[in-house]
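*Asks:* What follows is a single structure, and I will ask about it in a moment.
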Amino acid sequence: QVQLVESGGGLVQAGGSLRLSCAASGRSFSNYAVGWFRQAPGKEREFVAAIYWSGRRTPYADSVKGRFTVSRDNAKNTVYLQMNSLKPEDTAVYYCATGPSIATPNYWGQGTQVTVSS
């Protein structure tokens with residue numbers, strides 16, 4: 001079992017930055033890819049970014065490419081999502097997730113709210 005806890009969400013003005021953290025406890029997720037997903041009100045959950053176990057492969061959604069950066073510290077069992085140049089359309093609950101397949105993660109955090117004001 002892996003327990004995930006997100007933190008770092010909040011209210012920020014457009015153009016601002018936030019850094020989200022995803023801390024894992026229980027079983028280590030150092031061998032798993034970790035993904036960030038988000039869900040805005042009235043919309044389906046969507047993929048944002050992921051980082052594979054080596055840290056060398058980091059796919060991003062087109063909507064965040066060039067603005068968001070995902071990184072991981074396996075020694076701390078923590079994954080980060082640095083979000084720069086935030087836009088109101090980035091407003092959502094952000095979740096981290098992991099598992100043997102990042103396409104269908106087994107483990108999810110509880111989410112952290114990000115609100116970007118215009």
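Letters A, B, ... go to the chains of the structure tokens in the order shown; residues in each chain start at 1; ligands are counted from 1 in the same order.
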What are the DSSP helix (DSSP H, G or I) residues of segment 10-102 of chain A, as number ranges by chain?

*Replies:* A: 74-76, 88-90

*Asks:* What are the nearest atom pairs, with distances in Å to one decimal, for all residues of segment 32-61 of chain A that come at most 8 Å from segment 79-103 of chain A, using only C-alpha atoms, set out by chain and rising residue number as a Markdown table?

*Replies:*
```
| residue | atom | partner | partner_atom | distance |
| --- | --- | --- | --- | --- |
| A:Tyr32 | CA | A:Pro100 | CA | 5.8 |
| A:Ala33 | CA | A:Ile102 | CA | 6.0 |
| A:Val34 | CA | A:Thr98 | CA | 4.6 |
| A:Gly35 | CA | A:Ala97 | CA | 5.3 |
| A:Trp36 | CA | A:Cys96 | CA | 4.5 |
| A:Phe37 | CA | A:Tyr95 | CA | 5.1 |
| A:Arg38 | CA | A:Tyr94 | CA | 4.3 |
| A:Gln39 | CA | A:Ala92 | CA | 5.2 |
| A:Ala40 | CA | A:Ala92 | CA | 4.2 |
| A:Pro41 | CA | A:Ala92 | CA | 7.0 |
| A:Ala50 | CA | A:Ile102 | CA | 8.0 |
```

*Asks:* Choose the residue, out of A:Gln13, A:Asn74, A:Ser30, A:Thr69, that has the smallest atom-to-atom separation from Ser117 of chain A; count only C-alpha atoms.

*Replies:* A:Gln13

*Asks:* Please list as a list in words every residue within 8 Å of Ser21 of chain A, counting only C-alpha atoms and excluding residues in the same chain fewer than 2 positions away.

*Replies:*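 Close residues of Ser21 of chain A: Val5, Glu6, Ser7, Gly8, Arg19, Ala23, Thr78, Val79, Tyr80 and Leu81 of chain A.
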
*Asks:* Tell me, in Å to one decimal, how far atom CA of Gly26 of chain A is from atom CA of Val70 of chain A.

*Replies:*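 About the pair atom CA of Gly26 of chain A and atom CA of Val70 of chain A: they are 21.9 Å apart.
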
*Asks:* Taking the DSSP assignment computed from this structure's backbone, write out as a PyMOL selection string all residues of segment 13-87 of chain A that belong to strand (DSSP E).

*Replies:* chain A and resi 13+18-26+33-39+46-51+68-73+78-83

*Asks:* Could you tell me how far atom CA of Thr58 of chain A lies from atom CA of Thr112 of chain A, in Å and to one decimal?

*Replies:*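 According to the coordinates, atom CA of Thr58 of chain A and atom CA of Thr112 of chain A are separated by 21.2 Å.
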
*Asks:* Expressed in Å to a single decimal, how great is the separation between atom CA of Arg56 of chain A and atom CA of Val114 of chain A?

*Replies:*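 Rounded to one decimal, the two atoms are 26.5 Å apart.
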
*Asks:* Kindly indicate which residue among A:Ser28, A:Ser17, A:Gln113, A:Ser54 lies nearest to Leu4 of chain A, using only C-alpha atoms for the distances.

*Replies:*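 Result for the nearest residue to Leu4 of chain A: A:Ser28.
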